[in-house]
>>> print(open('model30.csv').read())   # CSV, C-alpha atoms and all ligand atoms
chain,number,residue,atom,x,y,z
A,2,MET,CA,63.3,74.4,87.1
A,3,LEU,CA,66.0,75.3,89.6
A,4,LYS,CA,69.1,77.1,88.2
A,5,GLU,CA,72.5,76.0,89.4
A,6,SER,CA,75.8,77.8,89.8
A,7,VAL,CA,79.1,77.0,91.7
A,8,HIS,CA,81.1,79.5,93.6
A,9,ASN,CA,84.3,79.7,95.7
A,10,CYS,CA,82.8,82.1,98.1
A,11,VAL,CA,79.3,83.1,98.9
A,12,ILE,CA,78.7,85.9,101.3
A,13,ILE,CA,75.2,86.2,102.9
A,14,GLY,CA,74.6,89.8,104.1
A,15,SER,CA,75.5,93.3,103.0
A,16,GLY,CA,76.3,95.2,106.1
A,17,PRO,CA,79.9,96.3,107.0
A,18,ALA,CA,80.9,92.7,107.7
A,19,GLY,CA,79.5,91.3,104.4
A,20,TYR,CA,81.0,94.1,102.2
A,21,SER,CA,84.4,94.1,104.0
A,22,ALA,CA,84.6,90.3,103.5
A,23,ALA,CA,83.6,90.9,99.8
A,24,ILE,CA,86.4,93.5,99.3
A,25,TYR,CA,89.0,91.1,100.8
A,26,THR,CA,87.9,88.0,99.0
A,27,ALA,CA,87.4,89.9,95.7
A,28,ARG,CA,91.0,91.3,95.9
A,29,ALA,CA,92.2,87.7,96.6
A,30,GLY,CA,90.7,86.7,93.2
A,31,LEU,CA,87.9,84.5,94.7
A,32,ASN,CA,85.1,86.2,92.8
A,33,PRO,CA,82.7,86.4,95.8
A,34,LEU,CA,79.0,86.4,95.3
A,35,VAL,CA,77.2,88.6,97.8
A,36,TYR,CA,73.5,88.0,98.6
A,37,ALA,CA,72.5,91.5,99.8
A,38,GLY,CA,69.0,90.7,100.9
A,39,LYS,CA,65.9,92.9,100.8
A,40,ASN,CA,67.6,95.9,102.6
A,41,PRO,CA,71.1,96.1,101.1
A,42,GLY,CA,73.5,97.9,103.4
A,43,GLY,CA,72.0,96.6,106.7
A,44,GLN,CA,71.4,98.5,109.9
A,45,LEU,CA,73.6,101.5,108.9
A,46,THR,CA,71.1,102.4,106.2
A,47,THR,CA,68.7,103.6,108.9
A,48,THR,CA,71.3,105.8,110.5
A,49,THR,CA,71.9,109.4,109.6
A,50,LEU,CA,75.4,110.6,110.4
A,51,VAL,CA,78.2,108.1,111.2
A,52,GLU,CA,80.9,109.9,113.0
A,53,ASN,CA,82.9,107.0,114.4
A,54,TYR,CA,83.9,105.1,111.3
A,55,PRO,CA,87.7,105.9,110.8
A,56,GLY,CA,88.6,107.8,107.7
A,57,TYR,CA,85.8,110.3,107.7
A,58,PRO,CA,86.8,113.4,109.7
A,59,ASN,CA,83.5,115.1,108.9
A,60,GLY,CA,81.4,112.0,109.3
A,61,ILE,CA,79.4,110.3,106.6
A,62,THR,CA,75.8,109.2,106.3
A,63,GLY,CA,75.1,105.5,106.9
A,64,PRO,CA,73.6,105.0,103.4
A,65,GLU,CA,76.6,106.7,101.7
A,66,LEU,CA,79.1,104.7,103.7
A,67,MET,CA,77.4,101.4,102.7
A,68,GLU,CA,77.1,102.5,99.0
A,69,ASN,CA,80.8,103.2,99.1
A,70,MET,CA,81.6,99.8,100.5
A,71,LYS,CA,79.4,98.1,97.9
A,72,LYS,CA,81.1,100.1,95.0
A,73,GLN,CA,84.6,99.2,96.5
A,74,ALA,CA,83.7,95.5,96.6
A,75,GLU,CA,82.3,95.6,93.0
A,76,SER,CA,85.3,97.4,91.7
A,77,PHE,CA,87.4,94.3,92.6
A,78,GLY,CA,84.9,91.9,91.0
A,79,ALA,CA,82.4,91.1,93.7
A,80,ILE,CA,78.9,90.4,92.3
A,81,VAL,CA,76.2,91.8,94.6
A,82,LYS,CA,72.7,90.3,94.2
A,83,ARG,CA,69.6,91.8,95.7
A,84,GLN,CA,68.2,88.5,96.7
A,85,THR,CA,67.7,86.7,100.0
A,86,ILE,CA,68.9,83.3,100.9
A,87,VAL,CA,65.9,81.5,102.3
A,88,LYS,CA,67.3,78.0,103.0
A,89,VAL,CA,70.7,76.4,103.4
A,90,SER,CA,72.1,72.9,103.4
A,91,LEU,CA,75.6,73.0,105.0
A,92,VAL,CA,78.1,70.1,104.7
A,93,LYS,CA,80.3,69.0,107.6
A,94,GLU,CA,83.0,67.5,105.4
A,95,LYS,CA,86.0,69.7,104.9
A,96,ASN,CA,86.0,69.7,101.1
A,97,GLY,CA,82.2,69.4,100.7
A,98,ILE,CA,79.9,71.7,98.7
A,99,ASN,CA,77.2,73.7,100.5
A,100,LYS,CA,73.8,74.3,99.0
A,101,LEU,CA,72.0,77.6,99.3
A,102,TYR,CA,68.5,78.5,98.0
A,103,THR,CA,67.4,82.0,97.0
A,104,ASP,CA,64.0,83.6,97.3
A,105,ASN,CA,63.6,83.4,93.5
A,106,ASN,CA,64.2,79.6,93.5
A,107,GLU,CA,67.8,79.5,92.5
A,108,LYS,CA,70.1,76.9,94.0
A,109,VAL,CA,73.7,78.1,94.5
A,110,LEU,CA,76.6,75.8,95.3
A,111,ALA,CA,79.4,77.2,97.4
A,112,LYS,CA,82.8,75.7,98.5
A,113,ALA,CA,82.8,78.2,101.4
A,114,ILE,CA,80.4,80.7,102.9
A,115,ILE,CA,80.6,83.8,105.1
A,116,ILE,CA,77.5,84.4,107.1
A,117,ALA,CA,77.1,88.2,107.8
A,118,THR,CA,73.4,88.4,108.2
A,119,GLY,CA,73.6,90.8,111.2
A,120,ALA,CA,71.1,91.3,114.0
A,121,LEU,CA,68.0,93.5,114.3
A,122,SER,CA,67.4,95.7,117.3
A,123,LYS,CA,63.9,95.0,118.7
A,124,ASP,CA,61.4,97.7,118.2
A,125,LEU,CA,58.5,98.8,120.4
A,126,GLY,CA,56.2,98.5,117.5
A,127,LEU,CA,54.9,102.0,117.5
A,128,GLU,CA,54.1,103.9,114.3
A,129,SER,CA,55.6,107.1,115.8
A,130,GLU,CA,58.9,105.1,116.5
A,131,GLU,CA,59.2,104.3,112.8
A,132,ARG,CA,58.6,107.9,111.8
A,133,PHE,CA,61.3,109.3,114.0
A,134,LYS,CA,64.1,106.8,113.4
A,135,GLY,CA,67.2,108.8,112.7
A,136,TYR,CA,65.4,111.9,113.9
A,137,GLY,CA,65.6,111.4,117.6
A,138,VAL,CA,64.9,107.6,117.9
A,139,SER,CA,68.0,105.5,118.1
A,140,SER,CA,69.1,102.1,119.2
A,141,CYS,CA,72.8,102.8,119.7
A,142,ALA,CA,74.1,105.3,122.3
A,143,ILE,CA,77.7,104.8,121.2
A,144,CYS,CA,76.8,105.7,117.7
A,145,ASP,CA,74.4,108.6,118.3
A,146,GLY,CA,74.9,109.7,121.9
A,147,PHE,CA,77.3,112.4,120.9
A,148,LEU,CA,74.5,114.3,119.2
A,149,TYR,CA,72.7,114.7,122.5
A,150,LYS,CA,75.3,116.6,124.5
A,151,ASP,CA,73.6,118.6,127.4
A,152,LYS,CA,70.1,117.4,126.2
A,153,VAL,CA,67.4,115.5,127.9
A,154,VAL,CA,66.9,112.0,126.6
A,155,ALA,CA,65.2,108.7,127.6
A,156,VAL,CA,66.3,105.1,127.4
A,157,VAL,CA,63.7,102.2,127.2
A,158,GLY,CA,64.6,98.8,128.7
A,159,GLY,CA,65.9,97.2,131.9
A,160,GLY,CA,68.6,94.8,130.6
A,161,ASP,CA,72.3,95.2,130.4
A,162,THR,CA,72.1,97.0,127.0
A,163,ALA,CA,69.7,99.6,128.4
A,164,LEU,CA,71.9,100.2,131.4
A,165,GLU,CA,75.1,100.5,129.3
A,166,GLU,CA,73.3,103.0,127.1
A,167,THR,CA,72.0,104.9,130.2
A,168,ILE,CA,75.5,105.0,131.8
A,169,SER,CA,77.1,106.2,128.6
A,170,LEU,CA,74.4,108.9,127.9
A,171,SER,CA,74.5,110.2,131.5
A,172,GLN,CA,78.1,111.3,131.0
A,173,ARG,CA,77.1,113.8,128.3
A,174,CYS,CA,73.4,114.4,128.6
A,175,LYS,CA,71.6,116.8,131.0
A,176,ILE,CA,69.0,114.3,132.2
A,177,VAL,CA,68.5,110.6,131.3
A,178,TYR,CA,65.1,109.0,132.0
A,179,LEU,CA,65.2,105.2,132.2
A,180,LEU,CA,61.8,103.8,131.3
A,181,VAL,CA,61.3,100.2,132.6
A,182,ARG,CA,58.0,98.4,131.9
A,183,SER,CA,58.2,96.2,135.0
A,184,GLY,CA,59.2,96.8,138.7
A,185,GLU,CA,62.7,95.5,138.4
A,186,LEU,CA,65.8,95.6,136.2
A,187,ARG,CA,66.9,92.5,134.4
A,188,ALA,CA,70.5,93.7,134.1
A,189,SER,CA,73.4,92.2,136.0
A,190,LYS,CA,74.0,93.3,139.6
A,191,ALA,CA,77.4,94.8,138.6
A,192,MET,CA,75.7,97.0,136.1
A,193,GLN,CA,73.0,98.0,138.5
A,194,CYS,CA,75.6,99.1,141.1
A,195,ARG,CA,77.0,101.5,138.5
A,196,LEU,CA,73.5,102.9,137.8
A,197,TRP,CA,72.8,103.9,141.4
A,198,LYS,CA,75.8,106.3,141.4
A,199,ILE,CA,74.4,108.5,138.6
A,200,SER,CA,73.0,111.8,139.7
A,201,ASN,CA,71.3,113.0,136.5
A,202,LEU,CA,69.2,109.8,136.1
A,203,LYS,CA,65.5,109.4,136.8
A,204,ILE,CA,64.1,105.9,136.7
A,205,TYR,CA,60.4,105.3,135.9
A,206,PHE,CA,59.5,101.7,136.8
A,207,TYR,CA,56.2,100.4,135.5
A,208,HIS,CA,56.2,102.8,132.6
A,209,GLU,CA,55.7,102.2,128.9
A,210,ILE,CA,55.6,104.5,125.9
A,211,LYS,CA,52.3,105.1,124.2
A,212,GLU,CA,53.6,107.6,121.6
A,213,ILE,CA,56.7,109.5,120.5
A,214,LEU,CA,55.8,113.2,119.9
A,215,GLY,CA,57.3,115.9,117.7
A,216,GLU,CA,57.2,117.6,114.4
A,217,ARG,CA,60.3,116.6,112.4
A,218,PHE,CA,62.5,115.6,115.4
A,219,VAL,CA,61.5,114.0,118.7
A,220,GLU,CA,60.2,116.6,121.3
A,221,GLY,CA,58.6,114.3,123.9
A,222,VAL,CA,57.0,111.0,124.8
A,223,ARG,CA,53.6,110.2,126.1
A,224,ILE,CA,54.0,107.5,128.7
A,225,ILE,CA,51.7,105.4,130.8
A,226,ASN,CA,52.1,104.0,134.2
A,227,ASN,CA,50.9,100.4,133.6
A,228,LYS,CA,49.8,100.0,137.3
A,229,ASN,CA,47.5,103.0,137.8
A,230,LYS,CA,47.0,103.7,134.0
A,231,LYS,CA,47.9,107.4,134.5
A,232,GLU,CA,49.4,109.0,131.4
A,233,SER,CA,51.9,111.8,131.3
A,234,ILE,CA,54.3,113.6,128.9
A,235,LEU,CA,58.1,113.8,129.2
A,236,SER,CA,59.9,116.5,127.3
A,237,ILE,CA,62.9,114.9,125.7
A,238,GLU,CA,65.0,115.3,122.5
A,239,GLY,CA,66.2,111.8,122.0
A,240,ILE,CA,65.0,108.3,122.8
A,241,PHE,CA,67.1,105.2,122.8
A,242,ILE,CA,65.3,101.9,122.4
A,243,ALA,CA,67.4,99.2,124.2
A,244,ILE,CA,65.0,96.2,124.6
A,245,GLY,CA,67.2,93.6,123.0
A,246,HIS,CA,68.5,92.3,119.7
A,247,ILE,CA,67.5,89.4,117.5
A,248,PRO,CA,70.4,87.8,115.5
A,249,ASN,CA,69.3,86.8,111.9
A,250,THR,CA,70.1,83.1,112.3
A,251,ALA,CA,66.7,81.4,111.7
A,252,ILE,CA,67.8,79.7,108.5
A,253,PHE,CA,70.9,78.2,110.1
A,254,ARG,CA,69.2,76.8,113.2
A,255,GLY,CA,69.8,73.1,113.6
A,256,GLN,CA,72.8,73.2,111.2
A,257,ILE,CA,75.2,75.5,112.9
A,258,ASN,CA,76.0,75.9,116.6
A,259,LEU,CA,74.2,78.9,118.1
A,260,ASP,CA,74.3,80.2,121.7
A,261,GLN,CA,71.3,80.6,124.0
A,262,MET,CA,70.4,83.9,122.4
A,263,GLY,CA,70.7,82.6,118.9
A,264,TYR,CA,74.1,84.1,118.0
A,265,ILE,CA,76.5,82.0,115.9
A,266,ILE,CA,79.3,80.6,118.0
A,267,THR,CA,82.7,81.3,116.5
A,268,LYS,CA,86.0,79.8,117.8
A,269,LYS,CA,87.7,82.4,120.0
A,270,GLY,CA,89.9,84.8,118.0
A,271,SER,CA,88.6,83.6,114.6
A,272,THR,CA,85.5,83.5,112.5
A,273,HIS,CA,85.4,79.6,112.3
A,274,THR,CA,82.1,78.0,113.1
A,275,ASN,CA,81.6,74.3,113.8
A,276,ILE,CA,81.3,73.8,110.1
A,277,PRO,CA,84.7,73.9,108.5
A,278,SER,CA,83.6,75.7,105.3
A,279,VAL,CA,81.4,78.2,107.0
A,280,PHE,CA,82.6,81.4,108.6
A,281,ALA,CA,80.6,84.1,110.5
A,282,ALA,CA,81.3,87.8,110.8
A,283,GLY,CA,79.7,90.9,112.3
A,284,ASP,CA,76.7,91.3,114.6
A,285,VAL,CA,75.4,87.8,113.8
A,286,GLN,CA,78.2,86.4,116.0
A,287,ASP,CA,78.7,89.4,118.3
A,288,ALA,CA,76.3,90.3,121.1
A,289,VAL,CA,78.7,92.7,122.8
A,290,TYR,CA,80.4,95.3,120.5
A,291,ARG,CA,77.9,95.6,117.6
A,292,GLN,CA,79.8,98.4,115.9
A,293,ALA,CA,80.3,99.0,112.1
A,294,ILE,CA,84.1,99.0,112.6
A,295,THR,CA,84.1,95.7,114.6
A,296,SER,CA,81.8,94.2,111.9
A,297,SER,CA,84.2,95.3,109.2
A,298,GLY,CA,87.1,93.9,111.2
A,299,THR,CA,85.5,90.5,111.6
A,300,GLY,CA,84.5,90.6,107.9
A,301,CYS,CA,88.1,90.9,107.0
A,302,MET,CA,89.0,88.1,109.4
A,303,ALA,CA,86.4,85.8,107.8
A,304,ALA,CA,87.8,86.6,104.3
A,305,LEU,CA,91.3,85.6,105.4
A,306,ASP,CA,90.0,82.5,107.3
A,307,LEU,CA,88.0,81.4,104.2
A,308,GLU,CA,91.0,82.0,101.8
A,309,ARG,CA,93.2,79.8,104.0
A,310,TYR,CA,90.5,77.1,104.1
A,311,LEU,CA,90.1,77.0,100.3
A,312,MET,CA,93.9,76.8,99.9
A,313,GLU,CA,94.1,73.9,102.2
A,314,ASN,CA,91.0,72.0,101.1
A,315,HIS,CA,90.2,72.7,97.5
B,1,LIG,P1,67.5,91.7,127.6
B,1,LIG,O1,66.6,90.7,126.9
B,1,LIG,O2,68.4,91.2,128.7
B,1,LIG,O3,66.6,92.8,128.2
B,1,LIG,C1,65.6,93.4,127.5
B,1,LIG,C2,65.0,94.5,128.4
B,1,LIG,O4,64.0,95.2,127.6
B,1,LIG,C3,64.2,93.9,129.6
B,1,LIG,O5,64.3,94.8,130.6
B,1,LIG,C4,62.8,93.9,129.0
B,1,LIG,O6,61.8,94.0,130.1
B,1,LIG,C5,62.8,95.1,128.2
B,1,LIG,N1,61.8,95.0,127.1
B,1,LIG,C6,61.6,94.1,126.2
B,1,LIG,N2,60.6,94.4,125.4
B,1,LIG,C7,60.1,95.6,125.8
B,1,LIG,C8,59.1,96.4,125.4
B,1,LIG,N3,58.3,96.1,124.3
B,1,LIG,N4,58.8,97.6,126.0
B,1,LIG,C9,59.6,97.9,127.1
B,1,LIG,N5,60.6,97.2,127.6
B,1,LIG,C10,60.9,96.0,126.9
B,1,LIG,O7,68.3,92.4,126.4
B,1,LIG,P2,69.7,93.1,126.4
B,1,LIG,O8,69.9,93.6,125.0
B,1,LIG,O9,69.8,94.1,127.5
B,1,LIG,O10,70.8,92.0,126.7
B,1,LIG,C11,70.9,90.8,125.9
B,1,LIG,C12,71.9,89.9,126.4
B,1,LIG,O11,73.2,90.5,126.2
B,1,LIG,C13,71.8,89.7,127.9
B,1,LIG,O12,72.2,88.4,128.2
B,1,LIG,C14,72.8,90.7,128.5
B,1,LIG,O13,73.3,90.2,129.7
B,1,LIG,C15,73.9,90.7,127.4
B,1,LIG,N6,74.6,91.9,127.4
B,1,LIG,C16,75.7,92.1,128.2
B,1,LIG,C17,76.4,93.2,128.2
B,1,LIG,C18,77.6,93.3,129.1
B,1,LIG,O14,77.9,92.3,129.8
B,1,LIG,N7,78.3,94.5,129.2
B,1,LIG,C19,76.0,94.4,127.5
B,1,LIG,C20,74.8,94.2,126.7
B,1,LIG,C21,74.1,93.0,126.7
B,1,LIG,P3,61.3,92.7,130.9
B,1,LIG,O15,62.3,92.4,131.9
B,1,LIG,O16,60.0,93.3,131.5
B,1,LIG,O17,61.1,91.6,129.9
>>> encode(input="model30.csv", output="structure tokens")
Amino acid sequence: MLKESVHNCVIIGSGPAGYSAAIYTARAGLNPLVYAGKNPGGQLTTTTLVENYPGYPNGITGPELMENMKKQAESFGAIVKRQTIVKVSLVKEKNGINKLYTDNNEKVLAKAIIIATGALSKDLGLESEERFKGYGVSSCAICDGFLYKDKVVAVVGGGDTALEETISLSQRCKIVYLLVRSGELRASKAMQCRLWKISNLKIYFYHEIKEILGERFVEGVRIINNKNKKESILSIEGIFIAIGHIPNTAIFRGQINLDQMGYIITKKGSTHTNIPSVFAAGDVQDAVYRQAITSSGTGCMAALDLERYLMENH
């Protein structure tokens, strides 16, 4: 038997966008229900020190920051459930009721929804990559680049993200190796022009990573030239994997407007989607900034947009 419940506001996702939306909607008396998914806290729970979230002059660990946000939301009455939404049925009518289905077979009815399901940075799929995450393996130079001042690092990828990371790291690191698996860069010409001016950069075309090496922290990488199959070792202290992101939008496909890359399209300057009662916040609708603070900002915007929608339509 399916269990049913009705809610003003259901938030899907528990990263900075989801919890910020929960804090605002809870304080507005909307009793939000947050579906936190299997990995509550989102991407920040795999980070060590967060030094760029305002309000923490000495930094704060990612898991601690997310636990604080959760507690703050709960203190105002948000209910956080460790379940995943696996299916949705969204309504186009302004005062309609959306249906959501959880992984334990519950049906939830919601007047309005905030989608804050985030995006995943793509992995290389190496066992050693998993082991060194947060200990030298990163997917965000803006977040972690500061830790590698005057050190030797590598970036993997040849798209705009990889080049942005490379440019940013080259300003503080001693040497940056850019490892590109093919013979060309996929990044925009404008970005490539900026790359050619960097003096402490070494580009390795046709190179892939076989293994990340080290004891507790990254100390090097074993790479292979995929043309002549020659292997070599680079001594580095940090590696930035920048091979793309996948927005978590599979369950919304066909019901909500997505762009070519699968990100939810929001109306400029707002969190409105093409469905009047559905709002999107955080990385799931942002392929450019992808920061905790920008996610929190759009989480707040979604809460305010949703509150206004409920006032006008229910
Ligand atoms: P892209 O998909 O554009 O590029 C991914 C890169 O990673 C490619 O060079 C690809 O190589 C490489 N790659 C993929 N898988 C592997 C692997 N397993 N091992 C090694 N290399 C791999 O992703 P981006 O994140 O760079 O960009 C996504 C979108 O966002 C793009 O449209 C981009 O233009 C946009 N963007 C724009 C920015 C800006 O305008 N400032 C900043 C960042 C992103 P290959 O080419 O061989 O497939």
>>> atom_distance(input="model30.csv", atom1="atom CA of A:Ser139", atom2="atom CA of A:Phe241")
4.8 Å
>>> atom_distance(input="model30.csv", atom1="atom CA of A:Leu45", atom2="atom CA of A:Met302")
20.4 Å
>>> residues_near_ligand(input="model30.csv", ligand="ligand LIG 1 (chain B)", cutoff="6 Å", atoms="only C-alpha atoms and all ligand atoms", output="compact mmCIF listing (two decimals) with C-alpha atoms, in the frame of the given file")
# COMPACT_ATOMS: atom_id res chain seq x y z
CA LEU A 125 58.50 98.80 120.40
CA VAL A 157 63.70 102.20 127.20
CA GLY A 158 64.60 98.80 128.70
CA GLY A 159 65.90 97.20 131.90
CA GLY A 160 68.60 94.80 130.60
CA ASP A 161 72.30 95.20 130.40
CA THR A 162 72.10 97.00 127.00
CA ALA A 163 69.70 99.60 128.40
CA VAL A 181 61.30 100.20 132.60
CA ARG A 182 58.00 98.40 131.90
CA SER A 183 58.20 96.20 135.00
CA LEU A 186 65.80 95.60 136.20
CA ARG A 187 66.90 92.50 134.40
CA ILE A 244 65.00 96.20 124.60
CA GLY A 245 67.20 93.60 123.00
CA HIS A 246 68.50 92.30 119.70
CA ALA A 288 76.30 90.30 121.10
CA VAL A 289 78.70 92.70 122.80
>>> atom_distance(input="model30.csv", atom1="atom CA of A:Gly38", atom2="atom CA of A:Ser6")
18.3 Å
>>> closest_residue(input="model30.csv", among="A:Tyr149, A:Phe218, A:Phe77, A:Phe253", to="A:Arg132", atoms="all atoms listed in the file")
A:Phe218
>>> residues_around(input="model30.csv", residues="A:Ile80", least_positions_apart="4", cutoff="9 Å", atoms="only C-alpha atoms", output="ChimeraX atom specification")
/A:23,32-36,74-75
>>> closest_residue(input="model30.csv", among="A:Ile204, A:Arg309, A:Gly137, A:Thr118", to="A:Gln286", atoms="all atoms listed in the file")
A:Thr118
>>> closest_residue(input="model30.csv", among="A:Ile276, A:Ala117, A:Cys144, A:Ala281", to="A:Glu94", atoms="all atoms listed in the file")
A:Ile276
>>> residues_around(input="model30.csv", residues="A:Asn96", least_positions_apart="2", cutoff="10 Å", atoms="all atoms listed in the file", output="ChimeraX atom specification")
/A:92-94,98-99,112-113,277-278,310-311,313-315
>>> closest_residue(input="model30.csv", among="A:Ile224, A:Ile242, A:Ile199, A:Leu214", to="A:Glu166", atoms="all atoms listed in the file")
A:Ile242
>>> closest_residue(input="model30.csv", among="A:Ala18, A:Val87, A:Ala243, A:Ile12", to="A:Ala142", atoms="all atoms listed in the file")
A:Ala243
>>> closest_residue(input="model30.csv", among="A:Leu50, A:Val222, A:Leu91, A:Met67", to="A:Pro17", atoms="only C-alpha atoms")
A:Met67
>>> residues_around(input="model30.csv", residues="A:Tyr264", least_positions_apart="6", cutoff="9 Å", atoms="all atoms listed in the file", output="list in words")
Ala120, Ile247, Pro248, Asn249, Thr250, Asn258, Asp284, Val285, Gln286, Asp287 and Ala288 of chain A
>>> residues_around(input="model30.csv", residues="A:Ala155", least_positions_apart="2", cutoff="8 Å", atoms="all atoms listed in the file", output="CSV table (one decimal) with C-alpha atoms, in the frame of the given file")
chain,number,residue,atom,x,y,z
A,153,VAL,CA,67.4,115.5,127.9
A,157,VAL,CA,63.7,102.2,127.2
A,177,VAL,CA,68.5,110.6,131.3
A,178,TYR,CA,65.1,109.0,132.0
A,179,LEU,CA,65.2,105.2,132.2
A,180,LEU,CA,61.8,103.8,131.3
A,237,ILE,CA,62.9,114.9,125.7
A,239,GLY,CA,66.2,111.8,122.0
A,240,ILE,CA,65.0,108.3,122.8
A,241,PHE,CA,67.1,105.2,122.8
>>> residues_around(input="model30.csv", residues="stretch 26-29 of chain A", least_positions_apart="5", cutoff="8 Å", atoms="all atoms listed in the file", output="ChimeraX atom specification")
/A:10,74,77-79,304-305,308
